[in-house]
Amino acid sequence: MIKAGDTVEIKPEWQDGGDSQYTWFAVDDEEKGRVTISPIDRPATFPGTQTVRVDMLVKGA
């Protein structure tokens, strides 16, 4: 189970261009097989979030 604050990696087959450049973390706890993630190291005022299925992620990467 992915919890808020956990570091995650988006699996290569689900990455958009540039996703591998960032370190991602869970914004909230996993619920119903989904979790909201955000990049830790993106240089922006509002780095944005994505809600993804947990099977698209590797925990603790």
# chains A, B, ... in the order shown; residues from 1 in each chain; ligands from 1

call {"tool": "residues_around", "arguments": {"residues": "Lys59 in chain A", "least_positions_apart": "2", "cutoff": "9 Å", "atoms": "only C-alpha atoms", "output": "list in words"}}
result
Met1, Ile2, Asp6, Thr7, Val8, Glu9, Ile10, Val54, Leu57 and Ala61 of chain A

call {"tool": "residues_around", "arguments": {"residues": "range 28-36 of chain A", "least_positions_apart": "3", "cutoff": "6 Å", "atoms": "only C-alpha atoms", "output": "PyMOL selection string"}}
result
chain A and resi 2-4+50-54

call {"tool": "write_last_selection", "arguments": {"atoms": "N, CA, C and O atoms", "output": "PDB file, in the first residue's frame"}}
result
ATOM      1  N   ILE A   2       0.548   2.177  -0.847  1.00  0.00           N
ATOM      2  CA  ILE A   2       1.285   3.427  -0.938  1.00  0.00           C
ATOM      3  C   ILE A   2       0.633   4.450  -0.008  1.00  0.00           C
ATOM      4  O   ILE A   2      -0.583   4.626  -0.014  1.00  0.00           O
ATOM      5  N   LYS A   3       1.459   5.092   0.803  1.00  0.00           N
ATOM      6  CA  LYS A   3       0.992   6.081   1.769  1.00  0.00           C
ATOM      7  C   LYS A   3       1.508   7.462   1.393  1.00  0.00           C
ATOM      8  O   LYS A   3       2.545   7.590   0.731  1.00  0.00           O
ATOM      9  N   ALA A   4       0.831   8.502   1.852  1.00  0.00           N
ATOM     10  CA  ALA A   4       1.270   9.877   1.609  1.00  0.00           C
ATOM     11  C   ALA A   4       2.722  10.033   2.040  1.00  0.00           C
ATOM     12  O   ALA A   4       3.115   9.575   3.112  1.00  0.00           O
ATOM     13  N   GLN A  50      -0.758  14.230 -10.521  1.00  0.00           N
ATOM     14  CA  GLN A  50      -1.387  13.257 -11.409  1.00  0.00           C
ATOM     15  C   GLN A  50      -2.016  12.187 -10.532  1.00  0.00           C
ATOM     16  O   GLN A  50      -1.399  11.754  -9.556  1.00  0.00           O
ATOM     17  N   THR A  51      -3.206  11.754 -10.859  1.00  0.00           N
ATOM     18  CA  THR A  51      -3.812  10.619 -10.188  1.00  0.00           C
ATOM     19  C   THR A  51      -3.629   9.418 -11.102  1.00  0.00           C
ATOM     20  O   THR A  51      -4.027   9.451 -12.262  1.00  0.00           O
ATOM     21  N   VAL A  52      -2.967   8.394 -10.569  1.00  0.00           N
ATOM     22  CA  VAL A  52      -2.618   7.218 -11.368  1.00  0.00           C
ATOM     23  C   VAL A  52      -2.995   5.941 -10.629  1.00  0.00           C
ATOM     24  O   VAL A  52      -3.159   5.928  -9.404  1.00  0.00           O
ATOM     25  N   ARG A  53      -3.111   4.855 -11.392  1.00  0.00           N
ATOM     26  CA  ARG A  53      -3.337   3.537 -10.788  1.00  0.00           C
ATOM     27  C   ARG A  53      -2.039   3.084 -10.129  1.00  0.00           C
ATOM     28  O   ARG A  53      -0.950   3.333 -10.654  1.00  0.00           O
ATOM     29  N   VAL A  54      -2.150   2.417  -9.005  1.00  0.00           N
ATOM     30  CA  VAL A  54      -0.950   1.985  -8.287  1.00  0.00           C
ATOM     31  C   VAL A  54      -0.162   0.922  -9.055  1.00  0.00           C
ATOM     32  O   VAL A  54       1.038   0.784  -8.845  1.00  0.00           O
TER      33      VAL A  54
END

call {"tool": "residues_around", "arguments": {"residues": "Ser38 in chain A", "least_positions_apart": "3", "cutoff": "8 Å", "atoms": "only C-alpha atoms", "output": "list in words"}}
result
Trp24, Phe25, Ala26, Val27, Pro47, Gly48, Thr49 and Gln50 of chain A

call {"tool": "select_by_dssp", "arguments": {"residues": "chain A", "states": "strand (DSSP E or B)", "output": "number ranges by chain"}}
result
A: 7-10, 24-26, 31, 34-39, 50-53, 57-59

call {"tool": "closest_residue", "arguments": {"among": "A:Gly17, A:Asp55, A:Thr23, A:Pro12", "to": "Asp41 in chain A", "atoms": "only C-alpha atoms"}}
result
A:Thr23

call {"tool": "select_by_dssp", "arguments": {"residues": "chain A", "states": "helix (DSSP H, G or I)", "output": "ChimeraX atom specification"}}
result
/A:12-14,19-21,54-56
